[in-house]
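*Asks:* Provided herewith: structure.csv, CSV, C-alpha atoms and all ligand atoms.
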chain,number,residue,atom,x,y,z
A,23,MET,CA,155.3,119.2,79.5
A,24,GLY,CA,153.0,116.4,78.2
A,25,ASN,CA,153.5,113.8,75.5
A,26,GLU,CA,152.8,113.7,71.8
A,27,ILE,CA,151.2,110.6,70.5
A,28,THR,CA,152.8,108.8,67.6
A,29,ASP,CA,150.1,106.1,67.1
A,30,GLY,CA,146.5,106.2,68.2
A,31,GLU,CA,146.0,102.8,69.8
A,32,ILE,CA,143.5,103.0,72.6
A,33,VAL,CA,144.0,100.6,75.5
A,34,VAL,CA,141.4,100.2,78.2
A,35,SER,CA,142.6,98.1,81.1
A,36,GLY,CA,140.6,97.1,84.1
A,37,LEU,CA,138.5,100.2,83.8
A,38,THR,CA,135.9,100.6,86.5
A,39,LYS,CA,133.4,103.2,87.6
A,40,HIS,CA,131.2,102.5,90.5
A,41,TYR,CA,128.5,105.0,91.5
A,42,LYS,CA,126.6,104.6,94.8
A,43,GLN,CA,123.8,102.6,93.2
A,44,VAL,CA,125.4,101.0,90.2
A,45,LYS,CA,128.6,99.5,88.8
A,46,ALA,CA,128.4,101.6,85.6
A,47,VAL,CA,131.7,100.1,84.3
A,48,ASP,CA,133.2,97.0,85.9
A,49,GLY,CA,136.7,95.8,85.2
A,50,LEU,CA,136.5,96.5,81.5
A,51,SER,CA,139.5,95.8,79.2
A,52,PHE,CA,139.7,96.1,75.4
A,53,THR,CA,141.9,97.7,72.7
A,54,VAL,CA,141.1,99.8,69.7
A,55,LYS,CA,143.4,99.8,66.7
A,56,PRO,CA,144.4,102.6,64.4
A,57,GLY,CA,143.3,102.4,60.7
A,58,ARG,CA,140.0,100.8,61.6
A,59,VAL,CA,136.5,101.7,62.6
A,60,THR,CA,135.6,100.1,66.0
A,61,GLY,CA,132.0,99.8,67.0
A,62,PHE,CA,131.4,100.1,70.7
A,63,LEU,CA,128.1,98.3,71.3
A,64,GLY,CA,125.8,97.7,74.3
A,65,PRO,CA,122.2,98.1,75.4
A,66,ASN,CA,121.0,101.2,77.1
A,67,GLY,CA,122.8,101.7,80.4
A,68,ALA,CA,125.6,99.3,79.5
A,69,GLY,CA,128.3,101.9,80.4
A,70,LYS,CA,129.3,103.1,76.9
A,71,THR,CA,129.1,106.8,77.6
A,72,THR,CA,130.7,106.4,81.0
A,73,THR,CA,133.6,104.5,79.4
A,74,LEU,CA,134.1,107.2,76.7
A,75,ARG,CA,134.0,109.9,79.3
A,76,MET,CA,136.7,108.2,81.3
A,77,LEU,CA,138.8,107.9,78.1
A,78,LEU,CA,138.5,111.6,77.7
A,79,ASN,CA,139.2,112.4,81.4
A,80,LEU,CA,135.7,113.8,81.9
A,81,VAL,CA,135.0,111.2,84.6
A,82,ALA,CA,137.5,109.9,87.1
A,83,PRO,CA,137.8,106.0,87.1
A,84,THR,CA,137.2,104.2,90.4
A,85,ALA,CA,140.0,101.8,89.2
A,86,GLY,CA,141.9,100.9,86.0
A,87,THR,CA,143.4,102.9,83.2
A,88,ALA,CA,142.6,104.1,79.7
A,89,THR,CA,145.3,105.3,77.4
A,90,ILE,CA,145.5,106.7,73.9
A,91,GLY,CA,148.8,106.1,72.2
A,92,GLY,CA,150.2,104.9,75.5
A,93,VAL,CA,149.3,108.2,77.3
A,94,ARG,CA,146.4,109.1,79.5
A,95,TYR,CA,144.2,111.8,78.0
A,96,ALA,CA,145.1,114.1,80.9
A,97,ASP,CA,148.8,113.8,80.0
A,98,LEU,CA,148.4,114.6,76.3
A,99,ALA,CA,150.5,117.6,75.2
A,100,ASP,CA,147.9,118.9,72.8
A,101,PRO,CA,144.7,116.9,73.3
A,102,LEU,CA,142.6,118.8,70.7
A,103,ARG,CA,145.1,117.9,68.0
A,104,ALA,CA,145.5,114.3,69.2
A,105,VAL,CA,141.9,113.3,69.9
A,106,GLY,CA,138.6,114.6,68.4
A,107,ALA,CA,135.5,113.8,70.4
A,108,VAL,CA,131.7,114.1,69.7
A,109,LEU,CA,129.9,113.2,72.9
A,110,GLU,CA,126.4,114.3,72.2
A,111,ALA,CA,124.4,116.3,69.7
A,112,SER,CA,126.7,119.3,69.5
A,113,SER,CA,125.6,122.5,71.1
A,114,ALA,CA,126.7,125.9,70.1
A,115,HIS,CA,125.8,129.5,70.8
A,116,LYS,CA,122.3,129.8,69.1
A,117,GLY,CA,123.0,133.1,67.3
A,118,ARG,CA,126.5,132.1,66.1
A,119,THR,CA,127.0,130.9,62.6
A,120,GLY,CA,128.5,127.4,62.1
A,121,ARG,CA,131.7,128.9,60.8
A,122,ASN,CA,132.1,131.3,63.8
A,123,HIS,CA,131.4,128.4,66.2
A,124,LEU,CA,134.3,126.5,64.6
A,125,ARG,CA,136.5,129.5,64.7
A,126,VAL,CA,136.0,129.8,68.4
A,127,VAL,CA,136.9,126.1,68.7
A,128,CYS,CA,140.0,126.8,66.6
A,129,ALA,CA,141.0,129.7,68.7
A,130,SER,CA,140.8,127.7,71.9
A,131,ALA,CA,143.1,125.1,70.4
A,132,GLY,CA,145.6,127.6,69.0
A,133,LEU,CA,144.6,126.6,65.4
A,134,PRO,CA,144.3,129.0,62.4
A,135,ASP,CA,140.8,130.1,61.3
A,136,SER,CA,141.4,128.3,58.0
A,137,ARG,CA,140.9,125.0,59.8
A,138,ALA,CA,137.3,126.0,60.4
A,139,ASP,CA,136.6,126.2,56.7
A,140,GLU,CA,138.4,123.0,56.0
A,141,ALA,CA,136.4,121.2,58.6
A,142,LEU,CA,133.1,122.6,57.2
A,143,GLU,CA,134.2,121.4,53.8
A,144,LEU,CA,135.0,117.9,55.2
A,145,VAL,CA,131.5,117.5,56.7
A,146,GLY,CA,129.6,119.0,53.7
A,147,LEU,CA,128.5,122.1,55.6
A,148,ALA,CA,130.4,124.7,53.6
A,149,SER,CA,127.1,126.0,52.0
A,150,ALA,CA,125.6,126.5,55.5
A,151,ALA,CA,128.7,128.1,57.0
A,152,LYS,CA,127.1,131.5,57.3
A,153,ARG,CA,123.8,130.3,58.7
A,154,LYS,CA,123.0,130.6,62.3
A,155,PHE,CA,123.2,127.5,64.5
A,156,LYS,CA,119.6,127.9,65.7
A,157,GLY,CA,118.5,127.3,62.2
A,158,TYR,CA,120.4,124.1,61.8
A,159,SER,CA,118.6,120.8,61.5
A,160,LEU,CA,119.5,117.9,63.8
A,161,GLY,CA,121.6,116.4,61.0
A,162,MET,CA,123.4,119.6,60.4
A,163,LYS,CA,124.2,119.9,64.2
A,164,GLN,CA,125.6,116.4,64.1
A,165,ARG,CA,127.8,117.3,61.2
A,166,LEU,CA,128.9,120.5,62.9
A,167,GLY,CA,129.9,118.4,66.0
A,168,ILE,CA,132.1,116.2,63.8
A,169,ALA,CA,133.6,119.3,62.2
A,170,ALA,CA,134.5,120.6,65.6
A,171,ALA,CA,136.1,117.3,66.5
A,172,MET,CA,138.1,117.4,63.3
A,173,VAL,CA,139.5,121.0,63.4
A,174,GLY,CA,142.7,119.7,65.0
A,175,ASP,CA,143.2,117.0,62.4
A,176,PRO,CA,143.3,114.4,65.2
A,177,LYS,CA,144.8,110.9,65.0
A,178,VAL,CA,142.0,109.6,67.1
A,179,LEU,CA,138.2,110.2,66.8
A,180,ILE,CA,135.8,109.2,69.5
A,181,LEU,CA,132.0,109.5,68.8
A,182,ASP,CA,129.1,108.7,71.2
A,183,GLU,CA,126.0,107.7,69.2
A,184,PRO,CA,126.7,110.0,66.3
A,185,ALA,CA,124.0,108.5,64.1
A,186,ASN,CA,121.2,109.5,66.5
A,187,GLY,CA,118.7,111.6,64.6
A,188,LEU,CA,120.2,111.1,61.2
A,189,ASP,CA,118.1,110.0,58.3
A,190,PRO,CA,119.2,107.1,56.0
A,191,GLU,CA,121.1,109.5,53.7
A,192,GLY,CA,122.8,111.1,56.7
A,193,ILE,CA,123.8,107.7,58.1
A,194,ARG,CA,125.3,106.7,54.8
A,195,TRP,CA,127.2,109.9,54.6
A,196,MET,CA,128.5,109.4,58.2
A,197,ARG,CA,129.5,105.8,57.4
A,198,ASP,CA,131.5,106.9,54.3
A,199,LEU,CA,133.2,109.7,56.2
A,200,LEU,CA,134.2,107.5,59.2
A,201,GLN,CA,135.5,104.8,56.9
A,202,LYS,CA,137.5,107.4,55.0
A,203,LEU,CA,139.0,108.8,58.2
A,204,ALA,CA,140.0,105.3,59.4
A,205,GLY,CA,141.4,104.6,55.9
A,206,GLU,CA,143.8,107.5,56.5
A,207,GLY,CA,145.2,105.7,59.5
A,208,ARG,CA,143.1,107.3,62.2
A,209,THR,CA,141.6,105.4,65.1
A,210,VAL,CA,137.8,105.7,65.0
A,211,LEU,CA,135.8,104.5,68.0
A,212,VAL,CA,132.1,104.9,67.7
A,213,SER,CA,129.4,103.9,70.1
A,214,SER,CA,126.0,102.8,69.0
A,215,HIS,CA,123.0,100.6,69.6
A,216,LEU,CA,122.2,100.6,65.9
A,217,LEU,CA,123.5,97.2,65.2
A,218,SER,CA,122.5,96.9,61.6
A,219,GLU,CA,124.4,100.1,61.0
A,220,MET,CA,127.4,98.8,62.8
A,221,GLU,CA,127.6,95.7,60.8
A,222,LEU,CA,128.0,97.9,57.7
A,223,LEU,CA,130.3,100.5,59.4
A,224,ALA,CA,132.7,98.7,61.7
A,225,ASP,CA,135.7,96.6,61.1
A,226,ASP,CA,136.1,95.6,64.7
A,227,ILE,CA,133.5,95.6,67.5
A,228,VAL,CA,133.5,95.7,71.3
A,229,ILE,CA,130.3,94.6,73.0
A,230,ILE,CA,129.6,95.4,76.6
A,231,ALA,CA,126.6,94.8,78.9
A,232,ALA,CA,126.2,95.8,82.5
A,233,GLY,CA,129.6,97.4,82.5
A,234,ARG,CA,131.5,94.3,81.5
A,235,LEU,CA,133.0,93.0,78.3
A,236,ILE,CA,130.9,90.5,76.4
A,237,ALA,CA,132.9,90.1,73.2
A,238,GLN,CA,135.5,91.8,71.1
A,239,GLY,CA,137.2,91.2,67.7
A,240,THR,CA,136.4,91.6,64.0
A,241,VAL,CA,132.7,91.5,63.2
A,242,GLU,CA,133.3,88.0,61.7
A,243,GLN,CA,135.1,86.8,64.8
A,244,VAL,CA,132.4,88.0,67.1
A,245,ILE,CA,129.7,86.3,65.0
A,246,GLY,CA,131.8,83.1,65.0
A,247,GLN,CA,132.6,83.3,68.8
A,248,ALA,CA,128.9,83.6,69.6
A,249,GLY,CA,128.4,80.2,68.1
A,250,SER,CA,125.2,81.3,66.5
A,251,VAL,CA,124.4,78.9,63.7
A,252,GLY,CA,123.7,79.9,60.2
A,253,THR,CA,120.6,78.6,58.4
A,254,VAL,CA,119.9,77.4,54.9
A,255,ARG,CA,116.8,78.8,53.2
A,256,VAL,CA,115.3,76.5,50.5
A,257,ARG,CA,112.1,76.6,48.4
A,258,THR,CA,110.8,73.6,46.6
A,259,PRO,CA,107.4,72.3,45.3
A,260,HIS,CA,108.2,69.0,47.1
A,261,PRO,CA,109.4,69.8,50.6
A,262,ASP,CA,108.5,66.4,52.1
A,263,THR,CA,110.5,64.5,49.5
A,264,LEU,CA,113.5,66.8,50.1
A,265,LEU,CA,113.3,66.5,53.9
A,266,GLY,CA,113.1,62.7,53.5
A,267,ALA,CA,116.4,62.8,51.7
A,268,LEU,CA,118.2,64.8,54.4
A,269,ASP,CA,119.4,63.5,57.8
A,270,GLY,CA,119.7,65.4,61.1
A,271,VAL,CA,118.0,68.5,59.9
A,272,THR,CA,115.7,70.8,61.7
A,273,ALA,CA,113.1,72.5,59.4
A,274,THR,CA,110.9,75.4,60.2
A,275,PRO,CA,108.5,77.0,57.7
A,276,GLY,CA,109.8,80.3,56.4
A,277,GLU,CA,107.9,83.0,54.5
A,278,ASP,CA,106.3,82.3,51.1
A,279,GLY,CA,106.4,78.6,51.6
A,280,ALA,CA,110.2,78.4,52.0
A,281,LEU,CA,111.8,76.1,54.5
A,282,VAL,CA,114.5,77.3,57.0
A,283,LEU,CA,116.9,74.5,57.7
A,284,THR,CA,119.5,74.2,60.5
A,285,GLY,CA,122.1,71.5,60.8
A,286,VAL,CA,123.0,71.3,57.1
A,287,THR,CA,125.0,73.2,54.5
A,288,ALA,CA,123.5,74.5,51.2
A,289,GLU,CA,125.8,72.0,49.4
A,290,GLN,CA,124.2,69.1,51.3
A,291,VAL,CA,120.7,70.4,50.5
A,292,GLY,CA,121.6,70.8,46.8
A,293,ASP,CA,123.1,67.3,46.6
A,294,ALA,CA,120.1,65.7,48.4
A,295,ALA,CA,117.7,67.5,46.0
A,296,LEU,CA,119.6,66.1,43.0
A,297,ARG,CA,119.5,62.5,44.5
A,298,ALA,CA,115.8,62.8,45.2
A,299,GLY,CA,115.0,64.4,41.8
A,300,VAL,CA,113.4,67.4,43.5
A,301,ALA,CA,113.4,70.9,41.8
A,302,LEU,CA,114.7,73.8,43.9
A,303,HIS,CA,113.4,77.3,43.4
A,304,GLU,CA,115.6,78.9,45.9
A,305,LEU,CA,118.7,77.8,47.9
A,306,VAL,CA,120.4,80.4,50.1
A,307,THR,CA,122.9,80.3,53.1
A,308,GLU,CA,121.8,82.8,55.7
A,309,ARG,CA,124.6,84.0,58.0
A,310,PRO,CA,123.5,85.0,61.5
A,311,ASP,CA,123.6,88.8,61.6
A,312,LEU,CA,125.1,91.0,64.3
A,313,GLU,CA,121.7,91.8,65.6
A,314,ARG,CA,121.0,88.1,66.5
A,315,VAL,CA,124.5,87.6,67.9
A,316,PHE,CA,124.1,90.7,70.0
A,317,LEU,CA,120.8,89.7,71.4
A,318,ASP,CA,122.1,86.2,72.2
A,319,LEU,CA,125.3,87.5,73.9
A,320,THR,CA,123.6,90.2,76.0
A,321,ALA,CA,120.5,88.2,76.9
A,322,GLY,CA,119.7,88.5,80.5
A,323,LYS,CA,122.3,91.2,81.0
A,324,GLU,CA,120.5,94.1,79.3
A,325,GLY,CA,118.0,96.5,80.7
A,326,ILE,CA,118.1,100.1,81.6
A,327,ARG,CA,119.7,100.3,85.0
A,401,LIG,N1,126.8,110.5,87.1
A,401,LIG,C1,126.2,109.3,87.3
A,401,LIG,N2,125.7,109.0,88.6
A,401,LIG,C2,125.1,107.9,88.8
A,401,LIG,N3,124.9,106.9,87.9
A,401,LIG,C3,125.3,107.1,86.7
A,401,LIG,C4,126.0,108.3,86.3
A,401,LIG,N4,126.3,108.3,85.0
A,401,LIG,C5,125.9,107.1,84.5
A,401,LIG,N5,125.3,106.4,85.5
A,401,LIG,C6,124.7,105.0,85.5
A,401,LIG,O1,125.7,104.2,84.9
A,401,LIG,C7,125.1,103.2,84.0
A,401,LIG,C8,125.8,103.3,82.7
A,401,LIG,O2,125.4,104.5,82.0
A,401,LIG,P1,125.9,105.0,80.6
A,401,LIG,O3,125.3,106.3,80.3
A,401,LIG,O4,127.4,104.9,80.6
A,401,LIG,O5,125.3,103.9,79.7
A,401,LIG,P2,125.2,103.9,78.1
A,401,LIG,O6,125.7,102.5,77.6
A,401,LIG,O7,125.9,105.1,77.5
A,401,LIG,O8,123.7,103.9,77.8
A,401,LIG,P3,122.8,104.6,76.6
A,401,LIG,O9,122.8,103.6,75.5
A,401,LIG,O10,121.4,104.7,77.2
A,401,LIG,O11,123.5,105.9,76.2
A,401,LIG,C9,123.6,103.5,84.0
A,401,LIG,O12,123.0,102.7,85.0
A,401,LIG,C10,123.6,105.0,84.5
A,401,LIG,O13,122.3,105.2,85.1
A,402,MG,MG,125.2,106.6,76.3
Produce structure tokens that represent the structure in this file.
*Replies:*
Amino acid sequence: MGNEITDGEIVVSGLTKHYKQVKAVDGLSFTVKPGRVTGFLGPNGAGKTTTLRMLLNLVAPTAGTATIGGVRYADLADPLRAVGAVLEASSAHKGRTGRNHLRVVCASAGLPDSRADEALELVGLASAAKRKFKGYSLGMKQRLGIAAAMVGDPKVLILDEPANGLDPEGIRWMRDLLQKLAGEGRTVLVSSHLLSEMELLADDIVIIAAGRLIAQGTVEQVIGQAGSVGTVRVRTPHPDTLLGALDGVTATPGEDGALVLTGVTAEQVGDAALRAGVALHELVTERPDLERVFLDLTAGKEGIR
């Protein structure tokens, strides 16, 4: 008899997978909290898929553990109801309709057929329920994969690069759905290399490179932790006068004649402009984005291995 999970915290501890040629995952530890979307980021070959496969008991670790609600996946009483997973663009029998595909999944998990229709509704595929899988677009296949993961109404959802192949509308749809599911108290762990998308989607992020942890925390914490400095963008008809009124500033020319300043705050620039009697046509604080932070943090560690 296995265990039921009561909360969906994921704990990865010292997780390691060494293949002959490569340390795919190397002493990796992080936690993923319920009620939040956690982005699992890393360059190609970083070990994301291998980590998720170990979490789901599809690959045996060389060392370390991964638990969901304190239990290893293999020891879950009812894994399909506890954890939903979308590992790659879903595949299904070509001649089967989306609805029948989900009914097969329901049957294998001991769930009623009605869950198939509810899951189709959830992912916006109800109108395509009776169409055959071979006629589905890539975006529809992605949605069907999520529907299959959701039939058991799981507390935990694990997705490997679910946004691959989606158009901007599909990506927005996915973001809204995953945030809604996390808002219901579920744990949502989603891997990606689409950093700009993660910045909009994720509450927390875990960054890995070469199988090792690089950073984890809220998006804000990770940006802060990286020590990447923000810049101030300023546009004025009298740049030389303005710069003369500022100490310890590095200025680089931006687009359309703007200056990009580091080493000062927007307040200091505004005050200096007032003192120097210089008009400002633009004054903006620019936060470093996740893309920049990610590149800084993983520099020299990336590369397809
Ligand atoms: N079955 C395997 N046998 C040997 N090496 C493997 C195996 N599976 C993965 N690897 C290697 O482990 C490393 C990590 O691969 P993994 O697929 O986990 O990375 P990833 O972060 O998911 O990359 P991507 O962004 O390209 O999906 C790579 O060097 C890969 O070649
Ligand atoms: Mg992968």
*Asks:* Given 3 Å on each side, where is the centre and what are the edge lengths in Å to one decimal of the axis-aligned box enclosing the listed atoms of range 270-285 of chain A, as JSON?
*Replies:*
{"center_x": 114.2, "center_y": 74.2, "center_z": 56.4, "size_x": 21.8, "size_y": 23.6, "size_z": 16.6}
*Asks:* Write out, as CSV, each residue of chain A that has an atom at most 9 Å from ligand LIG 401 (chain A), together with the closest pair of atoms and their distance in Å to one decimal, counting only C-alpha atoms and all ligand atoms, rows going by chain and rising number.
*Replies:*
residue,atom,partner,partner_atom,distance
A:Lys39,CA,A:LIG401,O1,8.2
A:His40,CA,A:LIG401,O1,8.0
A:Tyr41,CA,A:LIG401,C2,5.2
A:Lys42,CA,A:LIG401,C2,7.0
A:Gln43,CA,A:LIG401,N3,6.9
A:Val44,CA,A:LIG401,O12,6.0
A:Lys45,CA,A:LIG401,O1,6.8
A:Ala46,CA,A:LIG401,O1,3.8
A:Val47,CA,A:LIG401,C8,6.9
A:Leu63,CA,A:LIG401,O6,7.9
A:Gly64,CA,A:LIG401,O6,5.8
A:Pro65,CA,A:LIG401,O9,5.5
A:Asn66,CA,A:LIG401,O9,3.4
A:Gly67,CA,A:LIG401,O5,3.4
A:Ala68,CA,A:LIG401,O6,3.7
A:Gly69,CA,A:LIG401,O4,3.1
A:Lys70,CA,A:LIG401,O6,3.7
A:Thr71,CA,A:LIG401,O7,3.6
A:Thr72,CA,A:LIG401,O4,3.6
A:Thr73,CA,A:LIG401,O4,6.3
A:Leu74,CA,A:LIG401,O4,8.1
A:Arg75,CA,A:LIG401,O4,8.4
A:Val81,CA,A:LIG401,N1,8.6
A:Asp182,CA,A:LIG401,O7,7.9
A:Glu183,CA,A:LIG401,O11,7.6
A:Ser213,CA,A:LIG401,O7,8.3
A:Ser214,CA,A:LIG401,O9,7.3
A:His215,CA,A:LIG401,O9,6.6
A:Ile230,CA,A:LIG401,O6,8.2
A:Ala231,CA,A:LIG401,O6,7.9
A:Ala232,CA,A:LIG401,C8,7.5
A:Gly233,CA,A:LIG401,C8,7.0
A:Ile326,CA,A:LIG401,O12,6.5
A:Arg327,CA,A:LIG401,O12,4.1
*Asks:* Restricted to C-alpha atoms, what would the selected residues look like written as an mmCIF file, in the frame of the given file?
*Replies:*
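selection.cif was written with the following content:
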data_model
loop_
_atom_site.group_PDB
_atom_site.id
_atom_site.type_symbol
_atom_site.label_atom_id
_atom_site.label_comp_id
_atom_site.auth_asym_id
_atom_site.auth_seq_id
_atom_site.Cartn_x
_atom_site.Cartn_y
_atom_site.Cartn_z
ATOM 1 C CA LYS A 39 133.400 103.200 87.600
ATOM 2 C CA HIS A 40 131.200 102.500 90.500
ATOM 3 C CA TYR A 41 128.500 105.000 91.500
ATOM 4 C CA LYS A 42 126.600 104.600 94.800
ATOM 5 C CA GLN A 43 123.800 102.600 93.200
ATOM 6 C CA VAL A 44 125.400 101.000 90.200
ATOM 7 C CA LYS A 45 128.600 99.500 88.800
ATOM 8 C CA ALA A 46 128.400 101.600 85.600
ATOM 9 C CA VAL A 47 131.700 100.100 84.300
ATOM 10 C CA LEU A 63 128.100 98.300 71.300
ATOM 11 C CA GLY A 64 125.800 97.700 74.300
ATOM 12 C CA PRO A 65 122.200 98.100 75.400
ATOM 13 C CA ASN A 66 121.000 101.200 77.100
ATOM 14 C CA GLY A 67 122.800 101.700 80.400
ATOM 15 C CA ALA A 68 125.600 99.300 79.500
ATOM 16 C CA GLY A 69 128.300 101.900 80.400
ATOM 17 C CA LYS A 70 129.300 103.100 76.900
ATOM 18 C CA THR A 71 129.100 106.800 77.600
ATOM 19 C CA THR A 72 130.700 106.400 81.000
ATOM 20 C CA THR A 73 133.600 104.500 79.400
ATOM 21 C CA LEU A 74 134.100 107.200 76.700
ATOM 22 C CA ARG A 75 134.000 109.900 79.300
ATOM 23 C CA VAL A 81 135.000 111.200 84.600
ATOM 24 C CA ASP A 182 129.100 108.700 71.200
ATOM 25 C CA GLU A 183 126.000 107.700 69.200
ATOM 26 C CA SER A 213 129.400 103.900 70.100
ATOM 27 C CA SER A 214 126.000 102.800 69.000
ATOM 28 C CA HIS A 215 123.000 100.600 69.600
ATOM 29 C CA ILE A 230 129.600 95.400 76.600
ATOM 30 C CA ALA A 231 126.600 94.800 78.900
ATOM 31 C CA ALA A 232 126.200 95.800 82.500
ATOM 32 C CA GLY A 233 129.600 97.400 82.500
ATOM 33 C CA ILE A 326 118.100 100.100 81.600
ATOM 34 C CA ARG A 327 119.700 100.300 85.000
#
*Asks:* Between CA of Glu221 in chain A and CA of Gln201 in chain A, what is the distance in Å, rounded to a tenth?
*Replies:*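 About the pair CA of Glu221 in chain A and CA of Gln201 in chain A: they are 12.7 Å apart.
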*Asks:* Pick out the closest residue to Gly157 in chain A from this set: A:Arg94, A:Lys177, A:Lys116, A:Arg121. Count all atoms listed in the file.
*Replies:*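 Residue with the minimum atom-to-atom distance to Gly157 in chain A: A:Lys116.
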*Asks:* Residues within 10 Å of (110.9, 78.0, 39.6), file coordinates, counting only C-alpha atoms: what are they? Give the list as number ranges by chain.
*Replies:* A: 257-259, 301-304
*Asks:* Hey, which of A:Arg137, A:Ile193, A:Arg255, A:Val93 ends up closest to Met172 in chain A? Count only C-alpha atoms.
*Replies:*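 Smallest separation from Met172 in chain A among the options: A:Arg137.
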*Asks:* Using all atoms listed in the file, which residue out of A:Leu265, A:Ala170, A:Phe62, A:Asp189 lies closest to ligand MG 402 (chain A)?
*Replies:*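 For ligand MG 402 (chain A), the nearest of the given residues is A:Phe62.
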*Asks:* Between CA of Ala107 in chain A and CA of Gln238 in chain A, measure the distance and give it in Å to one decimal.
*Replies:*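 Separation between CA of Ala107 in chain A and CA of Gln238 in chain A: 22.0 Å.
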*Asks:* At a cut-off of 8 Å, using all atoms listed in the file, what residues contact Val34 in chain A? Leave out same-chain residues fewer than 6 positions from it and give the result as an MDAnalysis selection string.
*Replies:* chainID A and resid 50:53 86:89
*Asks:* Using all atoms listed in the file, determine which residues lie at most 7 Å from Ala237 in chain A, disregarding the query and same-chain residues fewer than 4 positions distant; provide the list as a list in words.
*Replies:* Val228, Ile229 and Val244 of chain A
*Asks:* To one decimal in Å, tell me the separation between CA of His115 in chain A and CA of Phe155 in chain A.
*Replies:*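 Separation between CA of His115 in chain A and CA of Phe155 in chain A: 7.1 Å.
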*Asks:* Which of these residues is nearest to ligand MG 402 (chain A), using only C-alpha atoms and all ligand atoms: A:Thr209, A:Thr263, A:Asn186, A:Gln247?
*Replies:*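 With only C-alpha atoms and all ligand atoms as the atom set, the closest residue is A:Asn186.
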*Asks:* Using only C-alpha atoms, determine which residues lie at most 12 Å from Val315 in chain A, disregarding the query and same-chain residues fewer than 6 positions distant; provide the list as a PyMOL selection string.
*Replies:* chain A and resi 63+217-218+221+229+236-237+241-252+309+321
*Asks:* Let me make sure I understand: among A:Ile32, A:Ala171, A:Val212, A:Leu281, which one has the smallest atom-to-atom distance to ligand MG 402 (chain A) if we use only C-alpha atoms and all ligand atoms?
*Replies:*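 Comparing A:Ile32, A:Ala171, A:Val212, A:Leu281 against ligand MG 402 (chain A), the winner is A:Val212.
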*Asks:* Using all atoms listed in the file for the distances, tell me which of A:Val291, A:Leu181, A:Met220, A:Ala169 is nearest to ligand MG 402 (chain A).
*Replies:*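 Closest residue, counting all atoms listed in the file: A:Leu181.
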*Asks:* Could you list, as a VMD selection string, every residue within 10 Å of Thr28 in chain A, counting all atoms listed in the file and ignoring same-chain residues fewer than 4 positions away?
*Replies:* chain A and resid 90 to 92 104 177
*Asks:* Just want the 8 Å neighbourhood of Gly187 in chain A, counted on only C-alpha atoms, with same-chain residues fewer than 2 positions away dropped. Output as an MDAnalysis selection string.
*Replies:* chainID A and resid 160:161 185 189
